[in-house]
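A short write-up of the structure that comes next.
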Amino acid sequence: MTETAVYAAGGVVWRLVEGKLRVLLIHRTKYRDLTLPKGKVDPGETLAETAVREIREETGIRVSLGVPVGVSRYRMPSSRTKIVHYWAAEATDAAVRTSTFVPNKEVAALEWMSLKKARKNLSYPVDIEILDEFHRLVDEGALPTFPIVVLRHAKARSRDDWEGVDEARPLTTRGRRQAEAIVGPLLAFGVRRVISSPAERCIRTATPIAQALGQRIQLCEAIGQDAWEQGRADARSVVGQRVRSRKPVVLTSHGPVLPDILHELALATGTMSGSYLGSASALEPAAFSVVHVPAEHPGAGIVAIETHEPQV
């Protein structure tokens with residue numbers, strides 16, 4: 001019988017110190033090694049949530065996830081395969097100052113290193129591979145990034161079962177659970193603002209994350225389905241404004257509107273079109289795609305897009 005894989009997540013935590021890039025490695029107490037912060041997924045947790053939690057637990061630093069930097073796979077002593085997903089994660093000066101780290105039975109010390117020194121001192125080849133991918137992004141000027149999250153509303157009552165106007169169609173019980181469940185994953189990517197179609201199903205999907213952020217939902221008819229069906233939608237102006245603002249945001253909209261939003265994101269960032277746009281916009285209810293845009297030069301093109309499916 002084949003053993004199931006063990007899933008984990010972590011990050012390449014980075015910062016600029018006097019203009020020089022440094023990455024954070026951890027000295028593990030038990031194994032006497034030098035590695036990247038990571039840890040196993042807890043029950044009910046998404047990989048993105050795991051990465052943020054484990055980085056904080058092992059380093060004391062609160063981070064938001066940036067661009068994905070790879071997946072490592074290796075055989076554990078138990079013969080089970082361990083699969084670890086990594087993201088780049090910038091440690092702000094404020095986060096470093098407020099770090100709660102003290103040496104403990106799991107992590108003996110933290111050490112900020114140059115990329116060259118980190119590559120030389122990491123204990124495991126799989127970690128070096130992740131660092132090399134991070135280094136490639138640095139060389140391409142693809143760090144730092146900011147996320148524009150495109151979210152499809154959660155499961156709603158079907159049109160056939162609803163007698164009222166379509167814009168008032170509510171979420172189902174499952175949809176309400178989905179709206180609550182996506183709060184943690186969205187927070188992991190550091191979203192700060194919530195923009196939503198004025199449809200009830202979109203507003204109710206966006207409400208839990210807005211409450212978690214202490215923010216009001218900004219209603220935007222230009223990404224609503226009614227406007228789209230009537231030819232009045234204007235994804236271009238909405239996307240253009242969000243790209244220019246360079247702030248982490250979630251746009252909550254409808255299945256038919258999502259392809260237009262992704263298409264305009266590609267145009268606004270000077271990114272070549274491709275089948276990846278279709279994949280990123282073909283979302284199930286409560287699924288979302290994170291579009292990572294370079295903060296310094298948004299017109300240089302999308303760095304990466306990752307899609308997350310609902311857990312409920």
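Within each chain, counting starts at residue 1; across the structure tokens, chains are named A, B, ... in the order shown, with ligands numbered 1 upward in that order.
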
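Using only C-alpha atoms, the protein and nucleic acid residues lying no more than 7 Å from Gly255 in chain A, apart from those fewer than 3 places from it along its own chain, are Arg152, Leu258 and Leu283 of chain A.
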
Those same residues, written as a PDB file, in the first residue's frame with C-alpha atoms?
ATOM      1  CA  ARG A 152     -15.310  34.394  -7.961  1.00  0.00           C
ATOM      2  CA  LEU A 258     -13.508  37.033 -14.851  1.00  0.00           C
ATOM      3  CA  LEU A 283     -12.742  29.488 -11.431  1.00  0.00           C
TER       4      LEU A 283
END

Residue set, range 18-219 of chain A restricted to helix (DSSP H, G or I), as a PyMOL selection string
chain A and resi 47-59+93-97+115-121+125-139+159-161+166-168+173-181+183-188+200-213

Leaving out range 86-95 of chain A and any residue of its chain fewer than 3 positions from it, which residues lie within 8 Å of it when counting only C-alpha atoms, given as a VMD selection string? chain A and resid 9 to 15 51 61 to 71 98 to 99 130 134 144

*What's the 8 Å shell around range 270-273 of chain A, counting only C-alpha atoms, without same-chain residues fewer than 6 positions away, as a count of residues only?*
5

DSSP-assigned strand (DSSP E) among range 185-227 of chain A, expressed as JSON, numbers by chain: {"A": [193, 194, 195, 196, 218, 219]}

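Atom to atom, CA of Gln215 in chain A and CA of Gly175 in chain A stand 21.2 Å apart.
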
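Within 9 Å of Thr100 in chain A, once only C-alpha atoms are used and residues closer than 2 positions along the same chain are dropped, the contacting residues are A:Arg56, A:Glu57, A:Thr59, A:Gly60, A:Ile61, A:Val96, A:Arg97, A:Thr98, A:Val102.
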
Subject >> Nearest to Ala227 in chain A by atom-to-atom distance, counting only C-alpha atoms, from A:Val243, A:Val257, A:Ala142, A:Ile203 >> reply: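 Result for the nearest residue to Ala227 in chain A: A:Val257.
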
I'd like the neighbourhood of Thr145 in chain A as a VMD selection string, where a residue qualifies if any of its atoms comes within 6 Å (using only C-alpha atoms), though same-chain residues fewer than 4 positions away should be ignored. chain A and resid 292 to 295

Contacts of Arg169 in chain A at 9 Å (only C-alpha atoms; same-chain gap of 4+ positions) as a tab-separated table (two decimals) with N, CA, C and O atoms, in the first residue's frame:
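Saved result, part18.tsv, follows:
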chain	number	residue	atom	x	y	z
A	156	ALA	N	-23.92	30.17	-4.90
A	156	ALA	CA	-25.17	30.91	-4.75
A	156	ALA	C	-26.36	30.08	-5.19
A	156	ALA	O	-26.20	29.05	-5.88
A	157	ARG	N	-27.54	30.51	-4.81
A	157	ARG	CA	-28.76	29.87	-5.29
A	157	ARG	C	-28.78	29.92	-6.81
A	157	ARG	O	-28.39	30.92	-7.42
A	158	SER	N	-29.26	28.88	-7.44
A	158	SER	CA	-29.30	28.86	-8.89
A	158	SER	C	-30.40	29.79	-9.41
A	158	SER	O	-31.37	30.08	-8.71
A	159	ARG	N	-30.23	30.24	-10.62
A	159	ARG	CA	-31.25	31.11	-11.23
A	159	ARG	C	-32.60	30.40	-11.32
A	159	ARG	O	-33.65	31.03	-11.15
A	162	TRP	N	-34.57	30.67	-8.09
A	162	TRP	CA	-34.71	32.02	-7.52
A	162	TRP	C	-35.71	32.82	-8.33
A	162	TRP	O	-35.58	32.93	-9.56
A	163	GLU	N	-36.69	33.36	-7.64
A	163	GLU	CA	-37.76	34.09	-8.34
A	163	GLU	C	-37.52	35.59	-8.40
A	163	GLU	O	-38.18	36.30	-9.16
A	164	GLY	N	-36.59	36.09	-7.59
A	164	GLY	CA	-36.34	37.51	-7.57
A	164	GLY	C	-35.39	37.95	-8.68
A	164	GLY	O	-35.03	37.16	-9.57
A	165	VAL	N	-34.96	39.22	-8.62
A	165	VAL	CA	-34.00	39.71	-9.61
A	165	VAL	C	-32.66	39.02	-9.38
A	165	VAL	O	-32.30	38.68	-8.25
A	199	ALA	N	-23.71	42.82	-6.78
A	199	ALA	CA	-24.62	41.69	-6.62
A	199	ALA	C	-24.54	41.15	-5.19
A	199	ALA	O	-23.45	41.08	-4.60
A	200	GLU	N	-25.67	40.73	-4.66
A	200	GLU	CA	-25.74	40.23	-3.29
A	200	GLU	C	-24.76	39.08	-3.07
A	200	GLU	O	-24.07	39.03	-2.04
A	201	ARG	N	-24.65	38.17	-4.02
A	201	ARG	CA	-23.78	37.01	-3.83
A	201	ARG	C	-22.32	37.40	-3.77
A	201	ARG	O	-21.52	36.74	-3.09

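Among the candidates A:Pro285, A:Pro208, A:Pro103, A:Pro185, the residue lying nearest to His254 in chain A is A:Pro285 (atoms considered: only C-alpha atoms).
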
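One distance worth recording is that between CA of Gln218 in chain A and CA of Gln311 in chain A, which is 25.8 Å.
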
Here CA of Gly274 in chain A and CA of Arg232 in chain A stand apart by 25.5 Å

Have a look at A:Ser78, A:Thr29, A:Thr172, A:Thr50 and name the one nearest to Leu110 in chain A; count only C-alpha atoms.
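Between A:Ser78, A:Thr29, A:Thr172, A:Thr50, the residue approaching Leu110 in chain A most closely is A:Thr29.
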
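Compared by their closest atoms to Lys82 in chain A, and using only C-alpha atoms, the residues A:Val126, A:Val194, A:Leu143, A:Val23 rank with A:Val126 nearest.
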